[in-house]
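Colleague: Dropping the structure in here first, questions after.
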Amino acid sequence: NPGRTLQVQAAPFAAGRTLLLVRDVTQLQKLATMRRDFVANVSHELKTPLTVTLGFVETALDALDDTPPQELAHYLKTAADQARRMQQLIDDLLTLSSLETDAPPPLEDPIDVAAMLADICQEIEALSAGRHRITLESGGPKVLLGSARELRSAFANLAVNAVRYTPDGGEIMLRWSAEGEAGGRYSVRDSGIGIAPEHLPRLTERFYRVDRGRSREAGGTGLGLAIVKHVLERHQAVLQIESEPGHGSTFSAVFPPHRIQS
Ligand code: ADP
């Protein structure tokens, strides 16, 4: 069987016979490789900011007496920025791991989507600091059912990405609308850098980034879309991504009718 790994074990059996145990370990090997890659990725992602932090703190300590306070402040600020980076990465890792192990979220949390989106809009306006034109349209069903905490984090993640990957002067639109057969659709459209089609299938993998340097610079951990995907799956919602390089992207979360309270 091509592409599969079989493990064969021989054990003595009755009266000169041998028992052959054949196990298909393809899946086990795949899991082991994924785990190894994940640990290597996490270590690398933590090591870089840690090295920078240590470098700046040690430089500051070495030159404490003859460094002007302004320069010292610069060293400490850089160290604090990197520490915050590590904190964000650890927060995202913990969120991902609890999403993977927790039971499905309760259906009962009634979420006022318009209010939630108004809140998220304010948050990204602060992040954008006037660099983008941001609009919000909340014409969809009034109440969505699910985990408010998880959905807020998923909705905010998509909105923050729009700010990160849209150059100054661009447009961002958050929209909550009705979907056919009374479902609901949350979408974030941006006029940003866009994503080439070959990257789309892997975008929700942990630590997958189109441009590592740009993501880091923009403050990303590479885990945002993996979190979004898990949250949506737990709500039986589907993530749709449309994008045109150089023109922008639209990320949508489509919710089934049983998640909508009419
Ligand atoms: P990150 O923390 O790097 O933003 P994500 O998981 O949120 O991690 O996104 C993965 C990658 O998908 C990003 O590094 C970026 O390359 C790409 N991406 C996500 N959102 C957008 C967007 N709105 N426009 C262009 N590229 C995007």
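As shown in the structure tokens, the chain order sets the letters A, B, ...; within each chain, residues go from 1, and ligands are also counted from 1 in the order they appear.
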Quick one: pick out all strand (DSSP E or B) residues within stretch 18-164 of chain A from a backbone DSSP run and write them as a list in words.

Modeller: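 DSSP-assigned strand (DSSP E or B) residues in stretch 18-164 of chain A: Thr18, Leu19, Leu20, Leu21, Val22, Arg23, Asp24, Pro110, Ile111, Asp112, Arg133, Ile134, Thr135, Leu136, Glu137, Ser138, Val143, Leu144 and Leu145 of chain A.
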
Colleague: Given only C-alpha atoms and all ligand atoms, how would the per-residue table for chain A near ligand 1 read, listing every residue at most 6 Å away with its closest atom pair and distance in Å to one decimal, sorted by chain and number, as a tab-separated table?

Modeller:
residue	atom	partner	partner_atom_place_in_ligand_line	distance
A:Asn161	CA	ligand 1	20 (N)	4.7
A:Ala162	CA	ligand 1	23 (N)	4.1
A:Tyr165	CA	ligand 1	24 (N)	4.7
A:Gly192	CA	ligand 1	24 (N)	5.9
A:Ile193	CA	ligand 1	25 (C)	5.5
A:Gly194	CA	ligand 1	25 (C)	4.5
A:Ile195	CA	ligand 1	25 (C)	5.3
A:Leu203	CA	ligand 1	12 (O)	5.4
A:Thr204	CA	ligand 1	6 (O)	6.0
A:Tyr208	CA	ligand 1	10 (C)	5.7
A:Arg209	CA	ligand 1	14 (O)	3.6
A:Val210	CA	ligand 1	16 (O)	3.7
A:Asp211	CA	ligand 1	16 (O)	5.2
A:Ser215	CA	ligand 1	3 (O)	4.3
A:Gly220	CA	ligand 1	2 (O)	3.0
A:Thr221	CA	ligand 1	2 (O)	3.9
A:Gly222	CA	ligand 1	8 (O)	3.2
A:Leu223	CA	ligand 1	6 (O)	4.3
A:Gly224	CA	ligand 1	7 (O)	3.6
A:Leu225	CA	ligand 1	6 (O)	3.7
A:Ala226	CA	ligand 1	6 (O)	5.7
A:Ser249	CA	ligand 1	24 (N)	5.6

Colleague: Those same residues - C-alpha atoms - I'd like them written as a PDB file, in the first residue's frame.

Modeller:
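Result file follows (part_36.pdb):
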ATOM      1  CA  ASN A 161      -6.132  41.045  10.843  1.00  0.00           C
ATOM      2  CA  ALA A 162      -7.888  43.411   8.427  1.00  0.00           C
ATOM      3  CA  TYR A 165      -2.804  43.567   6.513  1.00  0.00           C
ATOM      4  CA  GLY A 192      -5.485  45.294   1.845  1.00  0.00           C
ATOM      5  CA  ILE A 193      -2.584  43.263   0.493  1.00  0.00           C
ATOM      6  CA  GLY A 194      -4.694  40.169  -0.275  1.00  0.00           C
ATOM      7  CA  ILE A 195      -3.567  36.528  -0.303  1.00  0.00           C
ATOM      8  CA  LEU A 203      -4.052  29.697   6.257  1.00  0.00           C
ATOM      9  CA  THR A 204      -5.760  28.259   9.355  1.00  0.00           C
ATOM     10  CA  TYR A 208       1.273  29.354   8.944  1.00  0.00           C
ATOM     11  CA  ARG A 209       1.978  32.837   7.623  1.00  0.00           C
ATOM     12  CA  VAL A 210       2.234  34.180   4.091  1.00  0.00           C
ATOM     13  CA  ASP A 211       4.958  36.601   5.117  1.00  0.00           C
ATOM     14  CA  SER A 215       3.157  39.168  10.500  1.00  0.00           C
ATOM     15  CA  GLY A 220       0.801  38.650  14.991  1.00  0.00           C
ATOM     16  CA  THR A 221       1.458  35.303  16.664  1.00  0.00           C
ATOM     17  CA  GLY A 222       0.492  33.149  13.675  1.00  0.00           C
ATOM     18  CA  LEU A 223      -2.232  31.475  15.755  1.00  0.00           C
ATOM     19  CA  GLY A 224      -5.175  33.831  15.138  1.00  0.00           C
ATOM     20  CA  LEU A 225      -6.854  31.997  12.279  1.00  0.00           C
ATOM     21  CA  ALA A 226      -6.288  28.597  13.930  1.00  0.00           C
ATOM     22  CA  SER A 249      -9.732  39.986   1.254  1.00  0.00           C
TER      23      SER A 249
END

Colleague: Which residues come within 12 Å of A:Leu174, counting only C-alpha atoms, excluding same-chain residues fewer than 3 positions away, as number ranges by chain?

Modeller: A: 113-114, 116-122, 124-125, 133-140, 155-156, 158-160, 162-163, 171, 177, 185-190, 250-253

Colleague: Might you pull out every residue within 10 Å of A:Glu71, with only C-alpha atoms counted and same-chain residues fewer than 5 positions away left off, and present them as a PyMOL selection string?

Modeller: chain A and resi 60+76-77

Colleague: From stretch 168-200 of chain A, collect each residue whose DSSP state is helix (DSSP H, G or I) and return the set as a count of residues only.

Modeller: 7

Colleague: So, counting only C-alpha atoms, which residue among A:Pro49, A:Ser43, A:Gly246, A:Ile111 is closest to A:Gly170?

Modeller: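 Of A:Pro49, A:Ser43, A:Gly246, A:Ile111, the one nearest A:Gly170, counting only C-alpha atoms, is A:Gly246.
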
Colleague: Take atom CA of A:Pro104 and atom CA of A:Phe207 and report the distance between them in Å, one decimal.

Modeller: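 Going from atom CA of A:Pro104 over to atom CA of A:Phe207, I get 24.2 Å.
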
Colleague: Using only C-alpha atoms, which of the listed residues (A:Pro167, A:His230, A:Leu239, A:Gly219) sits closest to A:Asp102?

Modeller: A:His230

Colleague: Give me the residues near A:Phe255 as a PyMOL selection string, where near means some atom within 7 Å (using only C-alpha atoms) and where sequence neighbours in that chain fewer than 4 positions away do not count.

Modeller: chain A and resi 183-185+236-238+259

Colleague: In Å, with one decimal, what is the gap from atom CA of A:Leu31 to atom CA of A:Gln7?

Modeller: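 Atom CA of A:Leu31 sits 15.8 Å away from atom CA of A:Gln7.
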
Colleague: Near A:Asp81, counting only C-alpha atoms, which residues have an atom at most 12 Å away, once you skip same-chain residues fewer than 5 positions from it, shown as a compact mmCIF listing (two decimals) with N, CA and C atoms, in the first residue's frame?

Modeller:
# COMPACT_ATOMS: atom_id res chain seq x y z
N PRO A 49 11.96 36.45 20.76
CA PRO A 49 11.74 37.61 21.64
C PRO A 49 12.52 37.51 22.95
N LEU A 50 12.74 36.27 23.41
CA LEU A 50 13.48 36.10 24.67
C LEU A 50 14.93 36.56 24.49
N VAL A 52 16.05 38.75 22.34
CA VAL A 52 16.09 40.22 22.21
C VAL A 52 15.93 40.86 23.60
N THR A 53 14.96 40.34 24.39
CA THR A 53 14.73 40.90 25.73
C THR A 53 16.01 40.83 26.56
N PHE A 56 18.74 43.33 25.46
CA PHE A 56 18.53 44.74 25.84
C PHE A 56 18.68 44.94 27.35
N HIS A 74 14.82 53.53 26.27
CA HIS A 74 14.62 52.87 24.98
C HIS A 74 14.89 51.36 25.09
N TYR A 75 15.99 51.00 25.78
CA TYR A 75 16.32 49.59 25.97
C TYR A 75 15.18 48.87 26.70
N LEU A 76 14.72 49.50 27.78
CA LEU A 76 13.69 48.85 28.61
C LEU A 76 12.37 48.74 27.85
N MET A 86 5.72 37.68 23.97
CA MET A 86 5.75 36.32 24.51
C MET A 86 4.46 36.05 25.28
N GLN A 87 3.98 37.06 26.01
CA GLN A 87 2.75 36.92 26.77
C GLN A 87 1.57 36.62 25.83
N GLN A 88 1.51 37.36 24.72
CA GLN A 88 0.43 37.16 23.75
C GLN A 88 0.48 35.75 23.16
N GLU A 217 6.09 41.82 12.51
CA GLU A 217 6.15 43.27 12.63
C GLU A 217 4.80 43.85 13.03
N GLY A 219 2.68 42.41 14.80
CA GLY A 219 2.31 41.95 16.14
C GLY A 219 1.53 40.65 16.15
